[in-house]
file protein_28.csv (CSV, C-alpha atoms and all ligand atoms)
chain,number,residue,atom,x,y,z
A,1,MET,CA,0.0,0.0,0.0
A,2,GLY,CA,1.4,3.4,-1.0
A,3,LEU,CA,0.7,6.5,1.1
A,4,LEU,CA,-1.0,8.1,-1.9
A,5,ASP,CA,-2.9,5.1,-3.4
A,6,GLY,CA,-6.1,6.4,-5.1
A,7,LYS,CA,-5.0,10.0,-4.9
A,8,VAL,CA,-4.8,12.4,-7.9
A,9,VAL,CA,-2.1,15.1,-7.7
A,10,VAL,CA,-1.3,18.0,-10.1
A,11,VAL,CA,2.3,19.1,-10.0
A,12,THR,CA,3.0,22.4,-11.8
A,13,GLY,CA,6.6,22.8,-13.0
A,14,GLY,CA,6.6,19.0,-12.7
A,15,GLY,CA,9.0,18.4,-15.6
A,16,THR,CA,12.3,19.6,-14.1
A,17,GLY,CA,14.2,20.0,-10.9
A,18,ILE,CA,12.1,19.9,-7.7
A,19,GLY,CA,8.8,19.5,-9.5
A,20,ARG,CA,10.1,16.5,-11.4
A,21,ALA,CA,11.3,14.9,-8.1
A,22,VAL,CA,7.8,15.6,-6.6
A,23,SER,CA,6.0,14.1,-9.6
A,24,LEU,CA,8.1,10.9,-9.4
A,25,GLY,CA,7.8,10.8,-5.6
A,26,CYS,CA,4.0,11.2,-5.6
A,27,ALA,CA,3.7,8.5,-8.4
A,28,ALA,CA,5.9,6.1,-6.5
A,29,ALA,CA,3.7,6.6,-3.4
A,30,GLY,CA,0.7,5.5,-5.5
A,31,ALA,CA,-0.8,8.8,-6.9
A,32,SER,CA,-2.0,9.4,-10.4
A,33,VAL,CA,0.0,12.5,-11.4
A,34,VAL,CA,-0.8,15.4,-13.8
A,35,VAL,CA,2.7,16.5,-14.8
A,36,SER,CA,2.2,20.2,-15.7
A,37,ASP,CA,5.2,21.9,-17.3
A,38,TYR,CA,5.6,24.6,-19.9
A,39,GLY,CA,9.1,23.4,-20.6
A,40,VAL,CA,10.8,26.8,-20.5
A,41,SER,CA,14.3,28.1,-19.8
A,42,VAL,CA,15.1,29.4,-16.3
A,43,ASP,CA,14.1,32.9,-17.5
A,44,GLY,CA,10.8,31.6,-18.9
A,45,ARG,CA,11.6,31.4,-22.6
A,46,HIS,CA,11.4,28.7,-25.4
A,47,PRO,CA,8.5,26.5,-24.3
A,48,SER,CA,8.6,22.8,-25.0
A,49,SER,CA,6.4,19.8,-24.2
A,50,GLU,CA,9.5,17.6,-23.8
A,51,PRO,CA,10.1,17.8,-20.0
A,52,ALA,CA,6.5,17.0,-19.1
A,53,ASN,CA,6.3,14.1,-21.6
A,54,ALA,CA,9.7,12.7,-20.4
A,55,VAL,CA,8.5,12.6,-16.8
A,56,VAL,CA,5.2,10.9,-17.8
A,57,LYS,CA,7.2,8.3,-19.7
A,58,GLU,CA,9.4,7.7,-16.6
A,59,ILE,CA,6.4,7.3,-14.3
A,60,GLU,CA,4.7,4.9,-16.7
A,61,SER,CA,7.9,2.9,-17.2
A,62,ARG,CA,7.9,2.3,-13.4
A,63,GLY,CA,4.2,1.1,-13.6
A,64,GLY,CA,2.7,4.4,-12.4
A,65,ARG,CA,-0.1,6.6,-13.9
A,66,ALA,CA,0.5,10.0,-15.2
A,67,VAL,CA,-0.6,12.5,-17.9
A,68,ALA,CA,1.3,15.5,-19.3
A,69,PHE,CA,0.0,19.1,-19.5
A,70,ALA,CA,2.4,21.3,-21.5
A,71,GLU,CA,0.6,24.7,-21.4
A,72,SER,CA,1.5,27.6,-19.2
A,73,ILE,CA,-0.2,27.8,-15.8
A,74,ALA,CA,0.4,31.6,-15.7
A,75,THR,CA,-3.1,32.3,-17.2
A,76,MET,CA,-6.5,31.6,-15.8
A,77,ALA,CA,-7.2,29.4,-18.8
A,78,GLY,CA,-4.1,27.3,-18.1
A,79,GLY,CA,-5.1,26.8,-14.4
A,80,GLU,CA,-8.6,25.8,-15.3
A,81,ALA,CA,-7.4,23.4,-18.0
A,82,VAL,CA,-4.9,21.6,-15.8
A,83,VAL,CA,-7.6,21.0,-13.1
A,84,ASP,CA,-10.0,19.9,-15.9
A,85,LEU,CA,-7.5,17.4,-17.2
A,86,ALA,CA,-7.1,15.8,-13.7
A,87,LEU,CA,-10.8,15.5,-13.4
A,88,THR,CA,-11.5,14.1,-16.9
A,89,LYS,CA,-8.4,11.8,-17.0
A,90,PHE,CA,-8.4,10.5,-13.4
A,91,GLY,CA,-11.8,11.5,-12.1
A,92,ASP,CA,-10.8,13.4,-9.0
A,93,LEU,CA,-8.3,15.8,-7.5
A,94,HIS,CA,-6.7,15.5,-4.0
A,95,GLY,CA,-3.5,17.5,-4.2
A,96,VAL,CA,-2.0,20.5,-6.0
A,97,VAL,CA,1.7,21.1,-5.7
A,98,CYS,CA,2.9,24.4,-7.4
A,99,CYS,CA,6.6,24.1,-8.3
A,100,ALA,CA,6.4,26.2,-11.6
A,101,GLY,CA,8.8,29.1,-11.5
A,102,ILE,CA,11.2,31.4,-13.5
A,103,LEU,CA,13.8,34.0,-12.6
A,104,ARG,CA,14.5,37.4,-14.1
A,105,GLU,CA,17.1,38.9,-11.7
A,106,ARG,CA,17.8,42.6,-11.5
A,107,MET,CA,18.2,45.3,-8.8
A,108,ILE,CA,15.0,47.2,-8.1
A,109,PHE,CA,16.3,50.4,-9.6
A,110,ASN,CA,17.1,48.7,-12.9
A,111,MET,CA,14.2,46.2,-13.2
A,112,SER,CA,11.8,46.6,-16.1
A,113,GLU,CA,8.0,46.3,-15.8
A,114,GLU,CA,8.2,43.3,-18.1
A,115,GLU,CA,10.7,41.5,-15.8
A,116,TRP,CA,8.5,42.3,-12.8
A,117,ASP,CA,5.3,41.1,-14.5
A,118,ALA,CA,6.7,37.9,-15.9
A,119,VAL,CA,8.0,36.6,-12.6
A,120,VAL,CA,5.0,37.6,-10.5
A,121,GLN,CA,2.7,36.1,-13.1
A,122,VAL,CA,4.3,32.7,-13.1
A,123,HIS,CA,4.9,32.4,-9.4
A,124,LEU,CA,2.1,34.3,-7.5
A,125,LYS,CA,-0.7,34.3,-10.2
A,126,GLY,CA,0.4,30.8,-11.2
A,127,HIS,CA,-0.7,29.6,-7.8
A,128,PHE,CA,-4.1,31.5,-7.9
A,129,THR,CA,-4.9,30.2,-11.5
A,130,VAL,CA,-4.7,26.6,-10.3
A,131,TRP,CA,-5.9,27.0,-6.7
A,132,ARG,CA,-9.2,28.7,-7.7
A,133,PRO,CA,-10.6,25.8,-9.8
A,134,ALA,CA,-8.9,23.3,-7.4
A,135,THR,CA,-10.6,24.8,-4.3
A,136,ARG,CA,-14.0,24.8,-6.1
A,137,HIS,CA,-13.7,21.0,-6.5
A,138,MET,CA,-12.1,20.4,-3.1
A,139,ARG,CA,-14.8,22.5,-1.3
A,140,GLU,CA,-17.5,20.2,-2.8
A,141,LYS,CA,-15.5,17.1,-1.8
A,142,ARG,CA,-14.7,18.5,1.6
A,143,ARG,CA,-11.1,17.4,1.4
A,144,GLY,CA,-7.9,18.2,-0.4
A,145,CYS,CA,-4.4,19.7,0.0
A,146,LEU,CA,-2.7,22.7,-1.7
A,147,ILE,CA,1.1,23.1,-1.5
A,148,GLY,CA,2.7,26.4,-2.6
A,149,PHE,CA,6.4,27.0,-3.1
A,150,THR,CA,7.9,29.9,-1.3
A,151,SER,CA,11.6,30.7,-0.8
A,152,THR,CA,14.0,32.2,1.7
A,153,ALA,CA,14.4,34.9,-1.0
A,154,GLY,CA,10.9,35.9,0.0
A,155,LEU,CA,10.9,35.1,3.7
A,156,GLU,CA,14.2,36.8,4.4
A,157,GLY,CA,14.6,39.0,1.3
A,158,SER,CA,17.1,38.9,-1.6
A,159,PRO,CA,18.6,42.1,-2.9
A,160,GLY,CA,18.8,41.2,-6.6
A,161,GLN,CA,15.3,39.6,-6.9
A,162,PRO,CA,12.6,42.2,-6.0
A,163,ASN,CA,10.1,40.5,-8.3
A,164,TYR,CA,10.8,37.0,-7.1
A,165,SER,CA,11.0,38.0,-3.4
A,166,ALA,CA,7.6,39.8,-3.6
A,167,ALA,CA,6.0,36.9,-5.4
A,168,LYS,CA,7.4,34.3,-3.0
A,169,GLU,CA,6.2,36.3,0.1
A,170,GLY,CA,2.9,36.8,-1.7
A,171,ILE,CA,2.4,33.1,-2.0
A,172,VAL,CA,2.7,32.8,1.8
A,173,GLY,CA,-0.1,35.4,2.1
A,174,LEU,CA,-2.2,33.5,-0.4
A,175,MET,CA,-1.6,30.3,1.5
A,176,ARG,CA,-2.7,31.8,4.8
A,177,SER,CA,-5.8,33.3,3.3
A,178,THR,CA,-6.6,29.9,1.6
A,179,ALA,CA,-5.9,27.9,4.8
A,180,LEU,CA,-8.3,30.1,6.8
A,181,ALA,CA,-11.0,30.1,4.1
A,182,MET,CA,-10.9,26.4,3.4
A,183,ALA,CA,-10.5,25.1,7.0
A,184,LYS,CA,-14.2,24.6,7.5
A,185,TYR,CA,-14.3,22.4,4.4
A,186,GLY,CA,-11.4,20.2,5.6
A,187,VAL,CA,-9.2,21.5,2.8
A,188,ARG,CA,-5.6,22.4,3.7
A,189,ALA,CA,-2.9,24.8,2.4
A,190,ASN,CA,0.8,24.8,3.3
A,191,VAL,CA,4.0,26.1,1.6
A,192,ILE,CA,7.4,24.5,1.2
A,193,SER,CA,10.5,26.6,1.2
A,194,PRO,CA,13.1,24.4,-0.5
A,195,GLU,CA,16.8,24.6,-0.9
A,196,ALA,CA,18.1,22.2,-3.5
A,197,LEU,CA,20.6,22.0,-6.4
A,198,THR,CA,18.6,22.5,-9.6
A,199,ARG,CA,19.3,24.5,-12.8
A,200,MET,CA,17.7,27.4,-11.0
A,201,THR,CA,20.3,27.4,-8.2
A,202,GLU,CA,23.3,26.0,-10.0
A,203,ARG,CA,24.2,29.4,-11.5
A,204,VAL,CA,24.3,31.0,-8.0
A,205,PRO,CA,28.0,30.9,-6.9
A,206,GLU,CA,28.5,28.6,-3.9
A,207,GLN,CA,30.1,31.5,-2.1
A,208,ARG,CA,26.9,33.5,-2.4
A,209,ARG,CA,24.7,30.5,-1.5
A,210,GLY,CA,26.8,29.9,1.6
A,211,GLN,CA,26.3,26.2,1.5
A,212,ILE,CA,26.4,23.1,-0.7
A,213,LEU,CA,23.0,22.2,-1.8
A,214,ALA,CA,21.4,18.8,-1.7
A,215,PRO,CA,19.6,17.1,-4.7
A,216,PRO,CA,15.9,18.0,-5.3
A,217,GLU,CA,14.8,14.4,-4.4
A,218,GLY,CA,14.9,15.4,-0.7
A,219,VAL,CA,11.8,17.6,-1.2
A,220,ALA,CA,9.6,14.9,-2.7
A,221,PRO,CA,8.8,12.9,0.6
A,222,VAL,CA,7.8,16.1,2.3
A,223,ALA,CA,5.3,17.0,-0.5
A,224,ALA,CA,4.0,13.5,-0.6
A,225,PHE,CA,3.5,13.4,3.1
A,226,LEU,CA,1.7,16.8,3.2
A,227,VAL,CA,-0.7,15.7,0.4
A,228,SER,CA,-1.5,12.4,2.3
A,229,ASP,CA,-4.2,11.7,4.8
A,230,ARG,CA,-1.5,11.3,7.5
A,231,ALA,CA,-1.1,15.1,7.3
A,232,ALA,CA,-4.9,15.8,7.4
A,233,HIS,CA,-4.4,17.9,10.6
A,234,ILE,CA,-1.6,20.1,9.1
A,235,THR,CA,-2.5,23.5,7.6
A,236,GLY,CA,-1.1,27.1,7.4
A,237,GLN,CA,2.5,26.0,7.7
A,238,ILE,CA,5.8,27.1,6.2
A,239,VAL,CA,7.9,24.0,5.9
A,240,HIS,CA,11.6,24.5,5.0
A,241,VAL,CA,13.4,21.6,3.5
A,242,ARG,CA,17.2,21.3,2.9
A,243,GLY,CA,18.6,17.9,2.2
A,244,ASN,CA,17.7,15.7,5.1
A,245,GLN,CA,16.6,18.6,7.3
A,246,VAL,CA,13.0,19.6,7.6
A,247,ALA,CA,12.0,22.7,9.7
A,248,VAL,CA,8.7,24.3,10.5
A,249,TRP,CA,8.9,28.2,10.6
A,250,SER,CA,7.2,30.5,13.0
A,251,GLN,CA,4.1,32.6,12.3
A,252,PRO,CA,4.7,36.3,12.3
A,253,ALA,CA,3.7,37.9,15.6
A,254,PRO,CA,4.3,41.3,17.3
A,255,LEU,CA,7.7,41.4,19.0
A,256,ARG,CA,7.4,44.5,21.2
A,257,THR,CA,4.5,47.0,21.6
A,258,ALA,CA,4.4,50.5,22.8
A,259,THR,CA,1.2,52.4,23.8
A,260,ARG,CA,0.8,56.1,24.7
A,261,ALA,CA,-2.3,57.3,26.3
A,262,ASP,CA,-2.6,60.6,24.4
A,263,GLY,CA,-1.7,59.1,21.0
A,264,TRP,CA,1.7,59.3,19.3
A,265,THR,CA,3.5,62.3,17.7
A,266,PRO,CA,6.6,61.9,15.6
A,267,ASP,CA,8.6,63.5,18.4
A,268,ALA,CA,7.1,61.2,21.0
A,269,LEU,CA,8.0,58.2,18.9
A,270,ALA,CA,11.5,59.4,18.4
A,271,GLU,CA,11.9,59.6,22.1
A,272,VAL,CA,11.0,56.0,22.9
A,273,TRP,CA,11.5,54.0,19.7
A,274,ASP,CA,15.0,52.6,20.4
A,275,ASP,CA,14.2,51.7,24.0
A,276,GLN,CA,10.7,50.4,23.6
A,277,LEU,CA,10.4,49.1,20.1
A,278,GLY,CA,13.8,48.8,18.6
A,279,GLN,CA,14.2,46.7,15.4
A,280,ASP,CA,14.0,43.0,14.4
A,281,ARG,CA,17.3,42.8,12.4
A,282,LEU,CA,17.0,41.6,8.8
A,283,ARG,CA,18.6,38.2,9.0
A,284,ARG,CA,20.3,38.5,5.7
A,285,LEU,CA,22.1,41.8,6.4
A,286,ASP,CA,24.9,40.0,8.3
A,287,ARG,CA,25.0,36.9,6.1
A,288,LEU,CA,25.4,38.9,3.0
A,289,GLY,CA,27.9,41.3,4.7
A,290,ILE,CA,25.7,44.4,4.1
A,291,PRO,CA,26.8,47.1,6.6
A,292,TRP,CA,23.9,48.5,8.6
A,293,PRO,CA,23.6,51.1,10.0
A,294,PRO,CA,25.8,52.6,7.2
A,295,PRO,CA,29.2,53.8,8.2
A,296,ALA,CA,28.8,57.4,9.3
A,297,ALA,CA,29.2,59.9,6.4
A,298,ALA,CA,32.7,61.4,6.3
A,299,PRO,CA,32.6,65.0,7.8
B,301,LIG,N1,16.0,25.1,-6.1
B,301,LIG,C1,15.9,25.8,-5.0
B,301,LIG,O1,16.9,25.8,-4.1
B,301,LIG,C2,14.8,26.7,-4.7
B,301,LIG,C3,14.8,27.5,-3.6
B,301,LIG,C4,13.7,28.3,-3.2
B,301,LIG,C5,12.5,28.1,-3.9
B,301,LIG,N2,12.5,27.3,-5.0
B,301,LIG,C6,11.3,27.2,-5.8
B,301,LIG,O2,11.0,25.8,-6.0
B,301,LIG,C7,10.2,25.7,-7.3
B,301,LIG,C8,11.0,24.7,-8.2
B,301,LIG,O3,12.2,25.3,-8.5
B,301,LIG,P1,13.4,24.5,-9.2
B,301,LIG,O4,14.7,24.8,-8.6
B,301,LIG,O5,13.0,23.0,-9.4
B,301,LIG,O6,13.4,25.2,-10.7
B,301,LIG,P2,13.5,24.6,-12.2
B,301,LIG,O7,13.9,25.7,-13.0
B,301,LIG,O8,14.3,23.4,-12.2
B,301,LIG,O9,12.0,24.1,-12.5
B,301,LIG,C9,10.9,25.0,-12.7
B,301,LIG,C10,10.0,24.4,-13.7
B,301,LIG,O10,8.9,25.3,-13.9
B,301,LIG,C11,8.5,25.2,-15.2
B,301,LIG,N3,7.7,26.4,-15.6
B,301,LIG,C12,8.1,27.7,-15.7
B,301,LIG,N4,7.1,28.5,-16.1
B,301,LIG,C13,6.0,27.7,-16.2
B,301,LIG,C14,4.7,28.0,-16.5
B,301,LIG,N5,4.3,29.3,-16.9
B,301,LIG,N6,3.8,27.0,-16.6
B,301,LIG,C15,4.2,25.7,-16.2
B,301,LIG,N7,5.5,25.4,-15.9
B,301,LIG,C16,6.4,26.4,-15.9
B,301,LIG,C17,9.8,25.1,-16.0
B,301,LIG,O11,9.6,24.7,-17.3
B,301,LIG,C18,10.6,24.2,-15.1
B,301,LIG,O12,10.4,22.9,-15.5
B,301,LIG,C19,10.1,27.2,-7.8
B,301,LIG,O13,8.9,27.7,-7.4
B,301,LIG,C20,11.3,27.9,-7.1
B,301,LIG,O14,11.1,29.3,-7.1
B,301,LIG,C21,13.6,26.6,-5.4
call {"tool": "encode", "arguments": {"input": "protein_28.csv", "output": "structure tokens"}}
result
Amino acid sequence: MGLLDGKVVVVTGGGTGIGRAVSLGCAAAGASVVVSDYGVSVDGRHPSSEPANAVVKEIESRGGRAVAFAESIATMAGGEAVVDLALTKFGDLHGVVCCAGILRERMIFNMSEEEWDAVVQVHLKGHFTVWRPATRHMREKRRGCLIGFTSTAGLEGSPGQPNYSAAKEGIVGLMRSTALAMAKYGVRANVISPEALTRMTERVPEQRRGQILAPPEGVAPVAAFLVSDRAAHITGQIVHVRGNQVAVWSQPAPLRTATRADGWTPDALAEVWDDQLGQDRLRRLDRLGIPWPPPAAAP
């Protein structure tokens, strides 16, 4: 008996990297898998049906069940179509795992509108396009699991990726909203924040990454577990996966609070800010060696 026997799972970005590992892992656990992949380069160009077809062949050669979907999920029509395919081909939908992604890196002051839109559309909108039709089905069935993909580039920030950081943090907000909205129907939403060696990360110099990355196969068991009924009580979580290490991240909450009976003025805030509120230091400032506060300007 596999953990996902009888389940139907859509995996976007399922043809390469982490998505490929998740597709193969869910199929090995018994699921029928819709391998959704537009087959584009890391920057989102030159679509091909080859990656999705190759993963379907690999699953079938191991005795599993899969179907390819090679259109983009960055449009509402694409999201509707991939959910329709799961329902027509396999008759149901239990899990959606959104691994599709592209990168267009640039500092904020140089980024074009097109670079911004392309990345936000594939990552953030590319979750909504699939989750909307998926939640309609899951709400009726009163069960199901959505898994988004975030990143420490969103959770902690990344200086050369304003579009990607914003989309990845946006996915966390979408996940929390969806987890709250769908709780009463027994439908769950969580996000995975992975760190794995794929074509997306291999171009980042090891020095900048600060660590040697593990293969993407380590992420697959976490996705398969979260989709399964063994995780039926788990929702609203950020799960970080790196190699053999799995971590659950905290929920944002107030750190320190200040109250003033007469209300605040800018001057009153200036008086008490450092003592009563202070700052929660950006974790990546020190890791990236960014000096803050800046060295005092020369006289
Ligand atoms: N690799 C890491 O360490 C890492 C770290 C943090 C977050 N992530 C996230 O994990 C996910 C998977 O990343 P990866 O490293 O496997 O990248 P990858 O480049 O290997 O795979 C991404 C896949 O998404 C597909 N894709 C792109 N646009 C699409 C679209 N419009 N419709 C359908 N498919 C599309 C691509 O064809 C590709 O197969 C991404 O969301 C990424 O942002 C990865």
call {"tool": "closest_atom_pairs", "arguments": {"input": "protein_28.csv", "of": "chain A", "to": "ligand LIG 301 (chain B)", "cutoff": "6 Å", "atoms": "all atoms listed in the file", "output": "CSV"}}
result
residue,atom,partner,partner_atom,distance
A:Thr12,CA,B:LIG301,C15,5.6
A:Gly13,CA,B:LIG301,O10,3.5
A:Gly15,CA,B:LIG301,O12,4.7
A:Thr16,CA,B:LIG301,O12,4.1
A:Gly17,CA,B:LIG301,O5,3.6
A:Ile18,CA,B:LIG301,O5,3.6
A:Gly19,CA,B:LIG301,O5,5.5
A:Ser36,CA,B:LIG301,C15,5.9
A:Asp37,CA,B:LIG301,N7,3.8
A:Tyr38,CA,B:LIG301,N7,4.1
A:Gly39,CA,B:LIG301,O11,3.6
A:Val40,CA,B:LIG301,O11,4.0
A:Val42,CA,B:LIG301,O7,5.1
A:Gly44,CA,B:LIG301,N4,5.6
A:Ser72,CA,B:LIG301,N6,3.5
A:Ile73,CA,B:LIG301,N6,4.2
A:Ala74,CA,B:LIG301,N5,4.7
A:Cys99,CA,B:LIG301,C7,4.1
A:Ala100,CA,B:LIG301,O10,3.5
A:Gly101,CA,B:LIG301,O13,4.3
A:Ile102,CA,B:LIG301,C12,5.3
A:Val122,CA,B:LIG301,N5,5.1
A:Phe149,CA,B:LIG301,O13,5.0
A:Thr150,CA,B:LIG301,C5,5.6
A:Ser151,CA,B:LIG301,C4,4.0
A:Ser193,CA,B:LIG301,C5,5.7
A:Pro194,CA,B:LIG301,C3,4.7
A:Glu195,CA,B:LIG301,O1,3.4
A:Ala196,CA,B:LIG301,O1,3.8
A:Leu197,CA,B:LIG301,N1,5.6
A:Thr198,CA,B:LIG301,O4,4.6
A:Arg199,CA,B:LIG301,O8,5.2
A:Met200,CA,B:LIG301,O7,4.6
A:Thr201,CA,B:LIG301,N1,5.3
call {"tool": "write_last_selection", "arguments": {"input": "protein_28.csv", "atoms": "C-alpha atoms", "output": "JSON list (two decimals), keeping the file's coordinate frame"}}
result
[["chain", "number", "residue", "atom", "x", "y", "z"],
["A", 12, "THR", "CA", 3.00, 22.40, -11.80],
["A", 13, "GLY", "CA", 6.60, 22.80, -13.00],
["A", 15, "GLY", "CA", 9.00, 18.40, -15.60],
["A", 16, "THR", "CA", 12.30, 19.60, -14.10],
["A", 17, "GLY", "CA", 14.20, 20.00, -10.90],
["A", 18, "ILE", "CA", 12.10, 19.90, -7.70],
["A", 19, "GLY", "CA", 8.80, 19.50, -9.50],
["A", 36, "SER", "CA", 2.20, 20.20, -15.70],
["A", 37, "ASP", "CA", 5.20, 21.90, -17.30],
["A", 38, "TYR", "CA", 5.60, 24.60, -19.90],
["A", 39, "GLY", "CA", 9.10, 23.40, -20.60],
["A", 40, "VAL", "CA", 10.80, 26.80, -20.50],
["A", 42, "VAL", "CA", 15.10, 29.40, -16.30],
["A", 44, "GLY", "CA", 10.80, 31.60, -18.90],
["A", 72, "SER", "CA", 1.50, 27.60, -19.20],
["A", 73, "ILE", "CA", -0.20, 27.80, -15.80],
["A", 74, "ALA", "CA", 0.40, 31.60, -15.70],
["A", 99, "CYS", "CA", 6.60, 24.10, -8.30],
["A", 100, "ALA", "CA", 6.40, 26.20, -11.60],
["A", 101, "GLY", "CA", 8.80, 29.10, -11.50],
["A", 102, "ILE", "CA", 11.20, 31.40, -13.50],
["A", 122, "VAL", "CA", 4.30, 32.70, -13.10],
["A", 149, "PHE", "CA", 6.40, 27.00, -3.10],
["A", 150, "THR", "CA", 7.90, 29.90, -1.30],
["A", 151, "SER", "CA", 11.60, 30.70, -0.80],
["A", 193, "SER", "CA", 10.50, 26.60, 1.20],
["A", 194, "PRO", "CA", 13.10, 24.40, -0.50],
["A", 195, "GLU", "CA", 16.80, 24.60, -0.90],
["A", 196, "ALA", "CA", 18.10, 22.20, -3.50],
["A", 197, "LEU", "CA", 20.60, 22.00, -6.40],
["A", 198, "THR", "CA", 18.60, 22.50, -9.60],
["A", 199, "ARG", "CA", 19.30, 24.50, -12.80],
["A", 200, "MET", "CA", 17.70, 27.40, -11.00],
["A", 201, "THR", "CA", 20.30, 27.40, -8.20]]
call {"tool": "residues_near_point", "arguments": {"input": "protein_28.csv", "point": "(10.3, 25.3, 7.9)", "cutoff": "9 Å", "atoms": "all atoms listed in the file", "output": "ChimeraX atom specification"}}
result
/A:191-194,237-241,246-250
call {"tool": "residues_around", "arguments": {"input": "protein_28.csv", "residues": "Tyr164 (chain A)", "least_positions_apart": "6", "cutoff": "7 Å", "atoms": "all atoms listed in the file", "output": "JSON, numbers by chain"}}
result
{"A": [103, 119, 120]}
call {"tool": "residues_around", "arguments": {"input": "protein_28.csv", "residues": "Gly144 (chain A)", "least_positions_apart": "6", "cutoff": "6 Å", "atoms": "all atoms listed in the file", "output": "PDB file with C-alpha atoms, in the frame of the given file"}}
result
ATOM      1  CA  HIS A  94      -6.700  15.500  -4.000  1.00  0.00           C
ATOM      2  CA  GLY A  95      -3.500  17.500  -4.200  1.00  0.00           C
ATOM      3  CA  MET A 138     -12.100  20.400  -3.100  1.00  0.00           C
ATOM      4  CA  VAL A 187      -9.200  21.500   2.800  1.00  0.00           C
TER       5      VAL A 187
END
call {"tool": "closest_residue", "arguments": {"input": "protein_28.csv", "among": "A:Gly157, A:Pro221, A:Pro266, A:Gly236", "to": "Arg287 (chain A)", "atoms": "only C-alpha atoms"}}
result
A:Gly157
call {"tool": "closest_residue", "arguments": {"input": "protein_28.csv", "among": "A:Ala220, A:Ile59, A:Met111, A:Ile212", "to": "Ile147 (chain A)", "atoms": "only C-alpha atoms"}}
result
A:Ala220
call {"tool": "closest_residue", "arguments": {"input": "protein_28.csv", "among": "A:Ala81, A:Ala296, A:Val97, A:Val67", "to": "Leu226 (chain A)", "atoms": "only C-alpha atoms"}}
result
A:Val97
call {"tool": "closest_residue", "arguments": {"input": "protein_28.csv", "among": "A:Gly6, A:Ala189, A:Trp292, A:Ser112", "to": "Gly91 (chain A)", "atoms": "only C-alpha atoms"}}
result
A:Gly6
call {"tool": "closest_residue", "arguments": {"input": "protein_28.csv", "among": "A:Ile108, A:Leu24, A:Leu93, A:Met1", "to": "Gly160 (chain A)", "atoms": "only C-alpha atoms"}}
result
A:Ile108
call {"tool": "residues_around", "arguments": {"input": "protein_28.csv", "residues": "Asp84 (chain A)", "least_positions_apart": "2", "cutoff": "12 Å", "atoms": "only C-alpha atoms", "output": "JSON, numbers by chain"}}
result
{"A": [10, 34, 69, 77, 78, 79, 80, 81, 82, 86, 87, 88, 89, 90, 91, 92, 93, 130, 133, 134, 136, 137]}
call {"tool": "residues_around", "arguments": {"input": "protein_28.csv", "residues": "Ser61 (chain A)", "least_positions_apart": "6", "cutoff": "12 Å", "atoms": "only C-alpha atoms", "output": "compact mmCIF listing (two decimals) with C-alpha atoms, in the coordinates of the input"}}
result
# COMPACT_ATOMS: atom_id res chain seq x y z
CA LEU A 24 8.10 10.90 -9.40
CA ALA A 27 3.70 8.50 -8.40
CA ALA A 28 5.90 6.10 -6.50
CA ALA A 54 9.70 12.70 -20.40
CA VAL A 55 8.50 12.60 -16.80
call {"tool": "atom_distance", "arguments": {"input": "protein_28.csv", "atom1": "CA of Thr235 (chain A)", "atom2": "CA of Gly173 (chain A)"}}
result
13.3 Å
call {"tool": "atom_distance", "arguments": {"input": "protein_28.csv", "atom1": "CA of Pro295 (chain A)", "atom2": "CA of Leu282 (chain A)"}}
result
17.3 Å
call {"tool": "build_atoms", "arguments": {"input": "protein_28.csv", "residues": "region 160-169 of chain A", "atoms": "N, CA and C atoms", "output": "compact mmCIF listing (two decimals), in the coordinates of the input"}}
result
# COMPACT_ATOMS: atom_id res chain seq x y z
N GLY A 160 18.82 41.16 -5.17
CA GLY A 160 18.80 41.20 -6.60
C GLY A 160 17.53 40.60 -7.23
N GLN A 161 16.52 40.30 -6.38
CA GLN A 161 15.30 39.60 -6.90
C GLN A 161 14.03 40.22 -6.36
N PRO A 162 13.82 41.54 -6.58
CA PRO A 162 12.60 42.20 -6.00
C PRO A 162 11.31 41.51 -6.48
N ASN A 163 11.26 41.11 -7.75
CA ASN A 163 10.10 40.50 -8.30
C ASN A 163 9.82 39.11 -7.68
N TYR A 164 10.88 38.32 -7.62
CA TYR A 164 10.80 37.00 -7.10
C TYR A 164 10.52 36.99 -5.56
N SER A 165 11.22 37.86 -4.83
CA SER A 165 11.00 38.00 -3.40
C SER A 165 9.55 38.35 -3.08
N ALA A 166 9.03 39.32 -3.84
CA ALA A 166 7.60 39.80 -3.60
C ALA A 166 6.66 38.65 -3.92
N ALA A 167 6.89 37.95 -5.03
CA ALA A 167 6.00 36.90 -5.40
C ALA A 167 6.02 35.75 -4.36
N LYS A 168 7.21 35.42 -3.89
CA LYS A 168 7.40 34.30 -3.00
C LYS A 168 6.73 34.61 -1.59
N GLU A 169 6.84 35.87 -1.14
CA GLU A 169 6.20 36.30 0.10
C GLU A 169 4.67 36.38 -0.15
